[in-house]
Every structure is written in structure tokens, then in C-alpha cells.
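Asks: Structure: query-v8.txt, compact mmCIF, C-alpha atoms and all ligand atoms.
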# COMPACT_ATOMS: atom_id res chain seq x y z
CA MET A 1044 -15.78 -79.38 -54.93
CA HIS A 1045 -18.72 -81.50 -56.12
CA GLU A 1046 -21.27 -82.70 -53.57
CA GLU A 1047 -20.06 -86.30 -53.94
CA GLU A 1048 -16.51 -85.28 -53.10
CA VAL A 1049 -17.69 -83.40 -50.00
CA ASP A 1050 -19.55 -86.54 -48.85
CA MET A 1051 -16.39 -88.58 -49.19
CA VAL A 1052 -14.39 -86.43 -46.77
CA ARG A 1053 -13.93 -88.44 -43.59
CA GLN A 1054 -14.53 -86.57 -40.34
CA VAL A 1055 -12.00 -87.72 -37.78
CA VAL A 1056 -11.57 -86.75 -34.12
CA VAL A 1057 -8.09 -86.58 -32.64
CA THR A 1058 -7.69 -85.81 -28.93
CA GLY A 1059 -4.36 -84.35 -27.88
CA ALA A 1060 -4.13 -82.75 -31.32
CA ALA A 1061 -2.26 -79.65 -30.08
CA SER A 1062 1.06 -81.41 -29.53
CA GLY A 1063 3.31 -84.40 -30.13
CA ILE A 1064 1.85 -87.57 -31.62
CA GLY A 1065 -1.71 -86.20 -31.85
CA LYS A 1066 -0.49 -83.12 -33.74
CA ALA A 1067 1.57 -85.28 -36.12
CA LEU A 1068 -1.42 -87.54 -36.71
CA ALA A 1069 -3.72 -84.58 -37.39
CA ALA A 1070 -1.25 -83.37 -40.05
CA ILE A 1071 -1.03 -86.81 -41.72
CA LEU A 1072 -4.81 -87.24 -41.78
CA THR A 1073 -5.38 -83.70 -43.09
CA ASP A 1074 -2.85 -84.33 -45.86
CA ARG A 1075 -4.69 -87.48 -46.77
CA GLY A 1076 -7.92 -85.49 -47.18
CA ASP A 1077 -9.68 -86.13 -43.89
CA ARG A 1078 -11.33 -83.35 -41.92
CA VAL A 1079 -9.77 -83.41 -38.46
CA ILE A 1080 -11.61 -82.16 -35.39
CA GLY A 1081 -8.99 -81.59 -32.70
CA VAL A 1082 -9.68 -81.81 -28.98
CA ASP A 1083 -7.18 -80.49 -26.45
CA LEU A 1084 -6.64 -77.94 -23.71
CA HIS A 1085 -5.64 -75.24 -26.22
CA ASP A 1086 -5.09 -74.42 -29.93
CA VAL A 1087 -7.76 -76.78 -31.34
CA ASP A 1088 -11.38 -76.78 -32.50
CA VAL A 1089 -12.77 -78.21 -29.27
CA VAL A 1090 -11.09 -76.95 -26.10
CA ALA A 1091 -11.94 -79.25 -23.20
CA ASP A 1092 -10.30 -80.75 -20.13
CA LEU A 1093 -10.45 -84.54 -20.39
CA SER A 1094 -9.43 -85.03 -16.76
CA THR A 1095 -12.99 -84.47 -15.51
CA PRO A 1096 -16.38 -86.01 -16.42
CA GLU A 1097 -17.71 -82.49 -17.18
CA GLY A 1098 -14.80 -81.73 -19.48
CA ARG A 1099 -15.26 -85.04 -21.30
CA ALA A 1100 -18.97 -84.31 -21.79
CA GLU A 1101 -18.05 -80.87 -23.20
CA ALA A 1102 -15.54 -82.51 -25.53
CA VAL A 1103 -18.10 -85.00 -26.85
CA ALA A 1104 -20.77 -82.30 -27.29
CA GLY A 1105 -18.26 -80.03 -29.04
CA VAL A 1106 -17.25 -82.78 -31.44
CA LEU A 1107 -20.81 -83.85 -32.21
CA ASP A 1108 -21.79 -80.20 -32.78
CA ARG A 1109 -19.20 -80.08 -35.56
CA THR A 1110 -20.46 -83.21 -37.33
CA ASP A 1111 -23.72 -84.37 -38.81
CA GLY A 1112 -23.75 -87.20 -36.26
CA VAL A 1113 -21.38 -89.35 -38.32
CA LEU A 1114 -17.70 -89.85 -37.47
CA ALA A 1115 -15.35 -91.90 -39.62
CA ALA A 1116 -12.73 -92.29 -36.92
CA ALA A 1117 -11.83 -91.38 -33.36
CA VAL A 1118 -8.26 -91.42 -32.10
CA ALA A 1119 -7.47 -90.70 -28.45
CA CYS A 1120 -3.92 -89.34 -28.16
CA ALA A 1121 -4.29 -86.96 -25.19
CA GLY A 1122 -2.30 -88.11 -22.21
CA VAL A 1123 -0.03 -87.03 -19.39
CA SER A 1124 2.90 -88.57 -17.57
CA LEU A 1125 2.70 -87.00 -14.13
CA PRO A 1126 3.19 -88.54 -10.68
CA SER A 1127 -0.40 -87.56 -9.82
CA THR A 1128 -3.97 -88.80 -10.08
CA GLN A 1129 -4.30 -86.72 -13.29
CA THR A 1130 -2.48 -89.53 -15.09
CA VAL A 1131 -5.23 -92.06 -14.42
CA ALA A 1132 -7.98 -89.47 -14.94
CA VAL A 1133 -6.72 -88.37 -18.38
CA ASN A 1134 -5.02 -91.51 -19.72
CA TYR A 1135 -7.79 -93.96 -18.79
CA PHE A 1136 -11.11 -92.21 -18.08
CA GLY A 1137 -10.36 -89.33 -20.46
CA VAL A 1138 -9.94 -91.87 -23.23
CA VAL A 1139 -12.60 -94.48 -22.58
CA ASP A 1140 -15.40 -92.02 -21.72
CA VAL A 1141 -14.85 -90.09 -24.94
CA MET A 1142 -14.42 -93.17 -27.13
CA GLU A 1143 -17.55 -94.81 -25.73
CA ALA A 1144 -19.61 -91.62 -26.04
CA LEU A 1145 -18.51 -91.22 -29.68
CA ARG A 1146 -19.16 -94.88 -30.59
CA PRO A 1147 -22.74 -94.31 -31.83
CA ALA A 1148 -21.48 -91.62 -34.24
CA LEU A 1149 -18.77 -94.04 -35.42
CA ALA A 1150 -21.36 -96.77 -35.94
CA ARG A 1151 -23.16 -94.49 -38.44
CA ALA A 1152 -20.10 -94.22 -40.69
CA GLU A 1153 -19.43 -96.43 -43.72
CA GLN A 1154 -15.98 -97.56 -42.56
CA PRO A 1155 -15.61 -96.52 -38.93
CA ARG A 1156 -12.34 -96.92 -37.02
CA GLY A 1157 -11.10 -96.31 -33.47
CA ALA A 1158 -7.64 -96.18 -31.94
CA VAL A 1159 -5.97 -95.16 -28.69
CA ILE A 1160 -2.38 -94.73 -27.50
CA ALA A 1161 -1.12 -97.14 -24.86
CA SER A 1162 2.65 -97.37 -24.31
CA ILE A 1163 5.64 -99.64 -23.96
CA SER A 1164 5.03 -98.84 -20.26
CA SER A 1165 2.10 -101.25 -20.35
CA THR A 1166 4.75 -104.02 -20.19
CA GLN A 1167 6.17 -102.57 -16.95
CA PRO A 1168 5.09 -102.98 -13.28
CA PHE A 1169 1.64 -101.59 -12.40
CA VAL A 1170 -0.92 -101.49 -9.57
CA ASP A 1171 -3.45 -104.27 -10.03
CA GLU A 1172 -6.14 -102.77 -7.77
CA ILE A 1173 -6.20 -99.54 -9.79
CA VAL A 1174 -6.47 -101.46 -13.05
CA GLU A 1175 -9.43 -103.36 -11.54
CA ALA A 1176 -11.13 -100.13 -10.44
CA CYS A 1177 -10.69 -98.80 -13.98
CA ALA A 1178 -12.19 -101.98 -15.42
CA ASP A 1179 -15.18 -101.48 -13.09
CA HIS A 1180 -15.37 -97.89 -14.34
CA ASP A 1181 -15.15 -96.75 -10.71
CA GLU A 1182 -13.33 -93.45 -11.17
CA ALA A 1183 -13.68 -92.35 -7.53
CA ARG A 1184 -12.00 -95.56 -6.33
CA ALA A 1185 -9.35 -95.50 -9.04
CA LEU A 1186 -8.41 -91.93 -8.12
CA ALA A 1187 -8.46 -92.61 -4.35
CA LEU A 1188 -6.14 -95.61 -4.85
CA SER A 1189 -3.95 -93.49 -7.12
CA GLN A 1190 -3.72 -90.79 -4.44
CA GLU A 1191 -2.47 -93.45 -1.98
CA GLN A 1192 0.35 -94.27 -4.41
CA VAL A 1193 1.22 -90.57 -4.68
CA GLU A 1194 1.32 -90.23 -0.91
CA GLN A 1195 3.64 -93.24 -0.67
CA GLY A 1196 6.01 -91.59 -3.15
CA ARG A 1197 5.09 -94.07 -5.89
CA GLY A 1198 3.29 -91.67 -8.22
CA ARG A 1199 5.43 -92.71 -11.22
CA ILE A 1200 3.77 -96.16 -11.29
CA LEU A 1201 0.47 -94.48 -12.21
CA TYR A 1202 1.61 -94.00 -15.81
CA SER A 1203 2.21 -97.70 -16.54
CA THR A 1204 -0.93 -98.51 -14.53
CA SER A 1205 -3.06 -96.17 -16.64
CA LYS A 1206 -1.69 -97.69 -19.84
CA VAL A 1207 -2.23 -101.31 -18.71
CA ALA A 1208 -5.82 -100.38 -17.82
CA LEU A 1209 -6.28 -98.74 -21.22
CA ALA A 1210 -4.74 -101.62 -23.20
CA ARG A 1211 -7.06 -104.05 -21.40
CA TRP A 1212 -10.08 -101.81 -22.09
CA MET A 1213 -9.17 -101.84 -25.78
CA ARG A 1214 -8.77 -105.62 -25.75
CA ARG A 1215 -12.16 -106.36 -24.14
CA THR A 1216 -14.06 -103.55 -25.84
CA CYS A 1217 -13.05 -104.36 -29.41
CA ILE A 1218 -15.24 -107.48 -29.33
CA ALA A 1219 -17.97 -106.08 -27.04
CA PRO A 1220 -21.39 -105.43 -28.59
CA GLY A 1221 -21.37 -102.30 -30.74
CA TRP A 1222 -17.75 -102.52 -31.87
CA ALA A 1223 -16.58 -105.49 -33.97
CA ASP A 1224 -20.19 -106.46 -34.72
CA ALA A 1225 -20.84 -102.87 -35.89
CA GLY A 1226 -17.77 -102.97 -38.14
CA ILE A 1227 -15.54 -100.82 -35.92
CA PRO A 1228 -11.94 -101.99 -35.48
CA LEU A 1229 -10.43 -100.77 -32.19
CA ASN A 1230 -6.67 -100.91 -31.64
CA ALA A 1231 -3.83 -99.28 -29.76
CA VAL A 1232 -0.36 -98.13 -30.61
CA GLY A 1233 2.30 -98.58 -27.91
CA PRO A 1234 5.15 -96.14 -28.51
CA GLY A 1235 8.60 -96.51 -27.00
CA VAL A 1236 10.34 -93.19 -26.26
CA VAL A 1237 9.07 -90.45 -28.57
CA ARG A 1238 10.59 -86.98 -28.77
CA THR A 1239 7.66 -84.82 -27.65
CA PRO A 1240 7.14 -82.29 -24.85
CA MET A 1241 6.07 -85.24 -22.65
CA ILE A 1242 9.66 -86.41 -22.25
CA ALA A 1243 11.25 -82.93 -22.14
CA GLU A 1244 11.95 -83.07 -18.43
CA LEU A 1245 13.52 -86.55 -18.50
CA GLU A 1246 15.50 -85.62 -21.60
CA SER A 1247 16.97 -82.60 -19.84
CA SER A 1248 19.21 -84.59 -17.47
CA PRO A 1249 21.80 -87.34 -18.06
CA GLU A 1250 20.09 -89.41 -15.31
CA GLY A 1251 16.73 -89.10 -17.09
CA ILE A 1252 18.23 -90.15 -20.42
CA GLU A 1253 19.96 -93.12 -18.80
CA LEU A 1254 16.74 -94.15 -17.07
CA MET A 1255 14.80 -94.12 -20.35
CA ASN A 1256 17.53 -95.95 -22.27
CA LYS A 1257 17.68 -98.62 -19.58
CA SER A 1258 13.94 -99.18 -19.19
CA VAL A 1259 13.11 -98.73 -22.90
CA PRO A 1260 16.05 -100.04 -24.97
CA MET A 1261 15.47 -99.14 -28.64
CA PRO A 1262 18.07 -100.90 -30.84
CA LEU A 1263 16.20 -99.98 -34.03
CA HIS A 1264 16.78 -96.27 -34.80
CA GLY A 1265 16.69 -95.13 -31.13
CA TRP A 1266 14.12 -92.64 -29.85
CA ALA A 1267 11.32 -91.97 -32.32
CA GLU A 1268 9.87 -88.81 -33.80
CA PRO A 1269 6.10 -88.35 -33.29
CA ALA A 1270 5.39 -89.27 -36.93
CA ALA A 1271 6.53 -92.87 -36.33
CA ALA A 1272 3.64 -93.54 -33.97
CA ALA A 1273 1.28 -91.29 -35.96
CA HIS A 1274 1.77 -93.27 -39.19
CA ALA A 1275 0.87 -96.50 -37.38
CA LEU A 1276 -2.28 -94.85 -36.01
CA ALA A 1277 -3.10 -93.49 -39.45
CA TYR A 1278 -3.04 -97.02 -40.86
CA LEU A 1279 -5.13 -98.44 -38.02
CA VAL A 1280 -7.90 -95.86 -38.65
CA SER A 1281 -7.68 -96.04 -42.44
CA PRO A 1282 -10.30 -97.76 -44.62
CA GLU A 1283 -7.52 -100.24 -45.55
CA ASN A 1284 -7.61 -101.66 -42.05
CA THR A 1285 -10.50 -104.07 -42.35
CA HIS A 1286 -9.37 -106.89 -40.04
CA VAL A 1287 -6.87 -105.70 -37.45
CA THR A 1288 -8.67 -105.29 -34.13
CA GLY A 1289 -7.81 -105.72 -30.45
CA GLN A 1290 -4.10 -105.31 -31.11
CA LEU A 1291 -1.49 -103.31 -29.26
CA LEU A 1292 1.02 -102.42 -31.94
CA PHE A 1293 4.34 -101.47 -30.35
CA VAL A 1294 6.18 -98.74 -32.23
CA ASP A 1295 9.19 -99.04 -30.00
CA GLY A 1296 12.39 -99.66 -31.95
CA GLY A 1297 12.59 -103.21 -30.59
CA ALA A 1298 12.07 -102.39 -26.89
CA ASP A 1299 9.32 -104.96 -26.39
CA ALA A 1300 11.28 -107.67 -28.23
CA THR A 1301 14.35 -106.83 -26.12
CA THR A 1302 12.66 -106.76 -22.72
CA ARG A 1303 9.98 -109.46 -23.09
CA GLY A 1304 11.71 -111.68 -25.61
CA GLU A 1305 10.23 -114.41 -27.76
CA THR A 1306 8.10 -115.99 -25.02
CA ALA A 1307 5.71 -113.03 -25.12
CA TYR A 1308 4.06 -115.10 -27.88
N1 LIG B 1 6.33 -89.28 -25.77
C1 LIG B 1 6.51 -90.55 -25.43
O1 LIG B 1 7.66 -90.99 -25.25
C2 LIG B 1 5.33 -91.47 -25.31
C3 LIG B 1 5.59 -92.83 -25.15
C4 LIG B 1 4.52 -93.73 -25.04
C5 LIG B 1 3.22 -93.25 -25.07
N2 LIG B 1 3.00 -91.91 -25.22
C6 LIG B 1 1.61 -91.48 -25.24
O2 LIG B 1 1.35 -90.76 -26.43
C7 LIG B 1 0.24 -89.88 -26.21
C8 LIG B 1 0.60 -88.51 -26.77
O3 LIG B 1 1.67 -88.00 -25.98
P1 LIG B 1 2.82 -87.06 -26.58
O4 LIG B 1 4.10 -87.74 -26.31
O5 LIG B 1 2.43 -86.64 -27.92
O6 LIG B 1 2.73 -85.86 -25.52
P2 LIG B 1 2.40 -84.32 -25.67
O7 LIG B 1 2.55 -83.78 -24.29
O8 LIG B 1 3.21 -83.72 -26.76
O9 LIG B 1 0.87 -84.31 -26.13
C9 LIG B 1 -0.17 -84.66 -25.26
C10 LIG B 1 -1.35 -83.75 -25.54
O10 LIG B 1 -2.41 -84.14 -24.65
C11 LIG B 1 -3.01 -82.95 -24.19
N3 LIG B 1 -3.67 -83.14 -22.90
C12 LIG B 1 -3.05 -83.42 -21.72
N4 LIG B 1 -3.96 -83.40 -20.72
C13 LIG B 1 -5.14 -83.10 -21.28
C14 LIG B 1 -6.44 -82.91 -20.74
N5 LIG B 1 -6.69 -82.99 -19.41
N6 LIG B 1 -7.45 -82.61 -21.60
C15 LIG B 1 -7.21 -82.48 -22.93
N7 LIG B 1 -5.99 -82.66 -23.49
C16 LIG B 1 -4.98 -82.95 -22.66
C17 LIG B 1 -1.87 -81.96 -24.04
O11 LIG B 1 -2.33 -80.62 -23.98
C18 LIG B 1 -1.04 -82.26 -25.26
O12 LIG B 1 -1.39 -81.46 -26.35
C19 LIG B 1 -0.03 -89.91 -24.72
O13 LIG B 1 -1.14 -90.74 -24.46
C20 LIG B 1 1.22 -90.52 -24.14
O14 LIG B 1 0.98 -91.18 -22.92
C21 LIG B 1 4.02 -91.02 -25.35
Could you express the structure from this file as C-alpha cells?

Replies:
Amino acid sequence: MHEEEVDMVRQVVVTGAASGIGKALAAILTDRGDRVIGVDLHDVDVVADLSTPEGRAEAVAGVLDRTDGVLAAAVACAGVSLPSTQTVAVNYFGVVDVMEALRPALARAEQPRGAVIASISSTQPFVDEIVEACADHDEARALALSQEQVEQGRGRILYSTSKVALARWMRRTCIAPGWADAGIPLNAVGPGVVRTPMIAELESSPEGIELMNKSVPMPLHGWAEPAAAAHALAYLVSPENTHVTGQLLFVDGGADATTRGETAY
């Protein structure tokens, strides 16, 4: 390879790259010629636990160690769907802390891009107080409030809550100093039901399948494969995306249109 060609390779970070949507995205980006730096709990370049501030700092250091201080794109796919405080720790703080810490490296790139994964769940009921604590970046409070929900047997609401908090972070951050004004689009994809290990437990029982079909009706093609969401992310972080920012793009087979209808606009 000539030196010029080496310079043109985009270095891209994908968290959650060991499985599901993140793994599918890493494959698409690699095929397209990008150099992907994966972050996850196992089987990637940078092994780190995004549920803790220390783990996030290790992730950021590990990524920056593998670059020359310039990142073309950062995509946060790591997430969990557990009835525990982990869900808020990983899905909100594990995303925003890493994205914000990597922003200066993005700002040094020619055509930087950022994206995160929200969910169709961000259109479902959530806990306002936890979303507010997330917006204040008060992790101790957000986790204490989350623990209260767990103790009241309402741990499942933490998933939608984490995704509402994340979608709102994306929406306010995309136009905050250092993002749009530095040429960095920041968007989210909101998948419906995607066949990944995350839904394995629900998929294993007729009740779980019925629950998902009822809460996330997908008249277009039914449940998705990981590549459906990954291709949308790949576009959002491509050089071709010059003007889409602050958007939550549902990749949901019509679930949002079915449940929220035309008055969502
Ligand atoms: N599968 C779905 O139906 C669906 C629907 C909407 C949104 N999503 C979102 O898509 C994203 C990807 O999920 P998926 O379906 O591919 O699931 P997945 O379980 O296949 O992949 C998630 C990855 O995140 C990693 N991860 C989890 N906790 C981590 C931690 N503490 N530190 C580092 N990495 C961690 C896991 O190891 C795994 O590799 C998640 O944010 C999820 O909330 C999924």
C-alpha cells in the first residue's frame, strides 16, 4: 500500500463489537476499508467494562493508544437489557462518557462522525427522575434511583429509561459546542426487535415472543437481523452523511409508525 492510501484508512471505534449489531457493523466497516477498533468485554482489541468509570477510562485510553490521536468515527453499540442498575450504567453512562472522551480525537479528523444506539423502547414508558439524573450526569443518583425501581420489582423499566436518556443526550449534544460546530454529526439508530443474543431469553418462550410482538409490532419484514441496524449506522458515520444530525432513525419495521402514528410529527 502507498503512504497516501494508508492515510486514507479511517480509524473507527465500535463498542459492543463482539456481538450482535456492533459485530455486524464492524464487519460492514471493515469491508468498506475502515480500520475498526473494537471495545467490549471479550474478543476485541480493547477489553474494558463500560459499566464503571474506571472501565470507561481504560476503554478510552486503550482506543487512543491504538490511534495517532485522530478518529474518523465512534459508534457506541454496547448495551444490556437487564432488570438491574447495570442497564443505566452501561446504556447511558457507558455511552456518553466514552463518546465525550473521544470527541477531541474525532474533532481532529477530516470528516468525523458519531453515532449511538437508542431503541424503539425510547417511545415507551420511562422514569423521568432517572432521565433527569442522567442529564445532570449524576451517576450516583441515577443508579440509586434505578436500584429503587429494582427493589419495587420494576427493573424492566430501566431499559426504556436508559434509552430515553441517551436519545435526549444525543439530541442536545449534537448542537453543543464541539460537535456540529466542529463538523461532527451525531445521531442514533433506534432498532425494533433484532435477532441477537440480547433477545435470546425472551425469544425462548411463547409469552416472551407475544410480549415483543405486542409492544413492538413490525409489519414490515418482522424481526430484523443485526445488519439492518448496522447498515443504517454505517451510513450515519460515513463521509456521505454531511447534514443528518440530532436524529433518531428508527429501524423498526414500522413499529414507531404503528404505535405513535402520524401525530408524532
Ligand atoms: N436486539 C434488539 O432487539 C435491540 C433492540 C433495540 C436496541 N438494541 C440495542 O442495540 C445495542 C446492541 O445490542 P445487541 O442486540 O447487538 O446485543 P448483544 O448482546 O448481541 O451485544 C451487546 C454487546 O455489548 C457488550 N457489552 C455489554 N455490557 C458491556 C460492558 N459493561 N462493557 C463493554 N461491553 C459490554 C456485550 O458484551 C455484547 O458484545 C444495544 O445498545 C441494545 O440496547 C437492541

Asks: Residues contacting ligand LIG 1 (chain B) - anything with an atom at most 6 Å away, using only C-alpha atoms and all ligand atoms - can you give me those as a ChimeraX atom specification?

Replies: /A:1059-1065,1083-1084,1091-1094,1120-1123,1133,1160-1162,1234-1242

Asks: State, in Å with one decimal place, the distance from atom CA of A:Ala1067 to atom CA of A:Val1118.

Replies: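 A separation of 12.3 Å between them.
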
Asks: One number please: atom CA of A:Glu1194 to atom CA of A:Pro1126, in Å, one decimal.

Replies: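 Interatomic distance, atom CA of A:Glu1194 to atom CA of A:Pro1126: 10.1 Å.
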
Asks: Which residues are near A:Arg1109? Cut-off 12 Å, all atoms listed in the file, ignore same chain within fewer than 2 positions. Put them as a PyMOL selection string.

Replies: chain A and resi 1054-1056+1078-1082+1088-1089+1102-1107+1111-1114+1148

Asks: For A:Val1207, list every protein, DNA or RNA residue within 8 Å, evaluated using all atoms listed in the file, and leave out those in the same chain fewer than 2 positions away; present the list as a list in words.

Replies: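 Result of the neighbour search: Ala1161, Ser1164, Ser1165, Thr1166, Phe1169, Val1174, Ser1203, Thr1204, Ser1205, Leu1209, Ala1210 and Arg1211 of chain A.
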
Asks: For atom CA of A:Pro1282 and atom CA of A:Leu1229, determine how far apart the two atoms are, in Å to one decimal place.

Replies: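 Taking atom CA of A:Pro1282 as the start and atom CA of A:Leu1229 as the end point, the length is 12.8 Å.
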
Asks: Rank nothing, just name the residue among A:Asn1284, A:Asp1179, A:His1274, A:Ile1071 nearest to A:Val1232, using all atoms listed in the file.

Replies: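 Once distances to A:Val1232 are computed over all atoms listed in the file, the minimum belongs to A:His1274.
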
Asks: Residues around (-18.2, -101.2, -35.6), cut-off 9 Å, counting only C-alpha atoms - what are they as a VMD selection string?

Replies: chain A and resid 1146 1149 to 1152 1154 to 1157 1217 1220 to 1229

Asks: Calculated over all atoms listed in the file, which of the candidates A:Thr1095, A:Ser1189, A:Thr1216, A:Asn1230 has the smallest distance to A:Ala1277?

Replies: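 Ranking A:Thr1095, A:Ser1189, A:Thr1216, A:Asn1230 by distance to A:Ala1277, first place goes to A:Asn1230.
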
Asks: Please determine, counting only C-alpha atoms, which residue among A:Ala1069, A:Val1287, A:Thr1128, A:Met1255 has the shortest atom-to-atom distance to A:Arg1197.

Replies: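 Closest to A:Arg1197, using only C-alpha atoms: A:Thr1128.
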
Asks: Of the candidates A:Met1261, A:Ile1163, A:Ile1173, A:Leu1292, which one gets nearest to A:Gln1192 if we count only C-alpha atoms?

Replies: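 Using only C-alpha atoms, the shortest distance to A:Gln1192 belongs to A:Ile1173.
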
Asks: Show me the residues close to (10.2, -108.4, -24.4) - anything with an atom within 12 Å, counting all atoms listed in the file - and format the list as a VMD selection string.

Replies: chain A and resid 1163 to 1167 1258 to 1261 1293 1295 to 1308

Asks: Which is closest to A:Val1141 among A:Gln1190, A:Ser1127, A:Thr1058, A:Thr1073, if we use only C-alpha atoms?

Replies: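 Using only C-alpha atoms, A:Val1141 sits closest to A:Thr1058.
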
Asks: Skip A:Val1139 itself and residues of its chain fewer than 5 positions away, then list as a JSON list (two decimals) with C-alpha atoms, in the frame of the given file all residues within 10 Å of it, counting all atoms listed in the file.

Replies:
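Contents of around-v4.json, freshly written:
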[["chain", "number", "residue", "atom", "x", "y", "z"],
["A", 1099, "ARG", "CA", -15.26, -85.04, -21.30],
["A", 1119, "ALA", "CA", -7.47, -90.70, -28.45],
["A", 1133, "VAL", "CA", -6.72, -88.37, -18.38],
["A", 1134, "ASN", "CA", -5.02, -91.51, -19.72],
["A", 1144, "ALA", "CA", -19.61, -91.62, -26.04],
["A", 1145, "LEU", "CA", -18.51, -91.22, -29.68],
["A", 1159, "VAL", "CA", -5.97, -95.16, -28.69],
["A", 1177, "CYS", "CA", -10.69, -98.80, -13.98],
["A", 1180, "HIS", "CA", -15.37, -97.89, -14.34],
["A", 1209, "LEU", "CA", -6.28, -98.74, -21.22],
["A", 1212, "TRP", "CA", -10.08, -101.81, -22.09],
["A", 1213, "MET", "CA", -9.17, -101.84, -25.78],
["A", 1216, "THR", "CA", -14.06, -103.55, -25.84]]

Asks: With distances taken over only C-alpha atoms, which of A:Leu1188, A:Ala1183, A:Ile1218, A:Leu1279 is nearest to A:Leu1201?

Replies: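 Once distances to A:Leu1201 are computed over only C-alpha atoms, the minimum belongs to A:Leu1188.
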
Asks: Once 6 Å is added on each side, what are the centre and the three edge lengths, in Å to one decimal, of the axis-aligned box enclosing the listed atoms of stretch 1113-1131 of chain A? Present them as JSON.

Replies:
{"center_x": -9.1, "center_y": -89.5, "center_z": -24.7, "size_x": 36.6, "size_y": 17.6, "size_z": 41.8}

Asks: Please complete stretch 1207-1223 of chain A so it has N, CA, C and O atoms, and hand it over as a short mmCIF file (atom, residue, chain, number, x, y, z; two decimals), in the frame of the given file.

Replies:
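File produced: result.cif:
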data_model
loop_
_atom_site.label_atom_id
_atom_site.label_comp_id
_atom_site.auth_asym_id
_atom_site.auth_seq_id
_atom_site.Cartn_x
_atom_site.Cartn_y
_atom_site.Cartn_z
N VAL A 1207 -1.77 -99.91 -18.79
CA VAL A 1207 -2.23 -101.31 -18.71
C VAL A 1207 -3.77 -101.31 -18.72
O VAL A 1207 -4.40 -102.08 -19.47
N ALA A 1208 -4.35 -100.45 -17.89
CA ALA A 1208 -5.82 -100.38 -17.82
C ALA A 1208 -6.40 -100.06 -19.20
O ALA A 1208 -7.39 -100.67 -19.64
N LEU A 1209 -5.76 -99.15 -19.91
CA LEU A 1209 -6.28 -98.74 -21.22
C LEU A 1209 -6.11 -99.87 -22.26
O LEU A 1209 -7.04 -100.14 -23.03
N ALA A 1210 -4.96 -100.53 -22.24
CA ALA A 1210 -4.74 -101.62 -23.20
C ALA A 1210 -5.78 -102.74 -22.97
O ALA A 1210 -6.30 -103.32 -23.92
N ARG A 1211 -6.06 -103.00 -21.69
CA ARG A 1211 -7.06 -104.05 -21.40
C ARG A 1211 -8.46 -103.61 -21.82
O ARG A 1211 -9.25 -104.43 -22.28
N TRP A 1212 -8.78 -102.33 -21.63
CA TRP A 1212 -10.08 -101.81 -22.09
C TRP A 1212 -10.21 -102.04 -23.60
O TRP A 1212 -11.24 -102.52 -24.08
N MET A 1213 -9.16 -101.68 -24.32
CA MET A 1213 -9.17 -101.84 -25.78
C MET A 1213 -9.40 -103.30 -26.15
O MET A 1213 -10.21 -103.62 -27.02
N ARG A 1214 -8.71 -104.19 -25.44
CA ARG A 1214 -8.77 -105.62 -25.75
C ARG A 1214 -10.18 -106.19 -25.52
O ARG A 1214 -10.67 -106.97 -26.31
N ARG A 1215 -10.82 -105.79 -24.39
CA ARG A 1215 -12.16 -106.36 -24.14
C ARG A 1215 -13.24 -105.64 -24.95
O ARG A 1215 -14.22 -106.24 -25.36
N THR A 1216 -13.02 -104.35 -25.19
CA THR A 1216 -14.06 -103.55 -25.84
C THR A 1216 -14.15 -103.85 -27.33
O THR A 1216 -15.24 -103.80 -27.91
N CYS A 1217 -13.03 -104.19 -27.95
CA CYS A 1217 -13.05 -104.36 -29.41
C CYS A 1217 -14.04 -105.44 -29.85
O CYS A 1217 -14.56 -105.38 -30.97
N ILE A 1218 -14.30 -106.40 -28.97
CA ILE A 1218 -15.24 -107.48 -29.33
C ILE A 1218 -16.55 -107.38 -28.54
O ILE A 1218 -17.39 -108.28 -28.60
N ALA A 1219 -16.71 -106.29 -27.77
CA ALA A 1219 -17.97 -106.08 -27.04
C ALA A 1219 -19.04 -105.65 -28.04
O ALA A 1219 -18.73 -105.14 -29.12
N PRO A 1220 -20.33 -105.85 -27.68
CA PRO A 1220 -21.39 -105.43 -28.59
C PRO A 1220 -21.24 -103.96 -28.98
O PRO A 1220 -20.91 -103.12 -28.15
N GLY A 1221 -21.45 -103.69 -30.27
CA GLY A 1221 -21.37 -102.30 -30.74
C GLY A 1221 -20.04 -101.95 -31.37
O GLY A 1221 -19.90 -100.86 -31.93
N TRP A 1222 -19.05 -102.83 -31.27
CA TRP A 1222 -17.75 -102.52 -31.87
C TRP A 1222 -17.50 -103.46 -33.06
O TRP A 1222 -17.92 -103.15 -34.16
N ALA A 1223 -16.87 -104.62 -32.82
CA ALA A 1223 -16.58 -105.49 -33.97
C ALA A 1223 -17.87 -105.81 -34.74
O ALA A 1223 -17.89 -105.77 -35.99
#
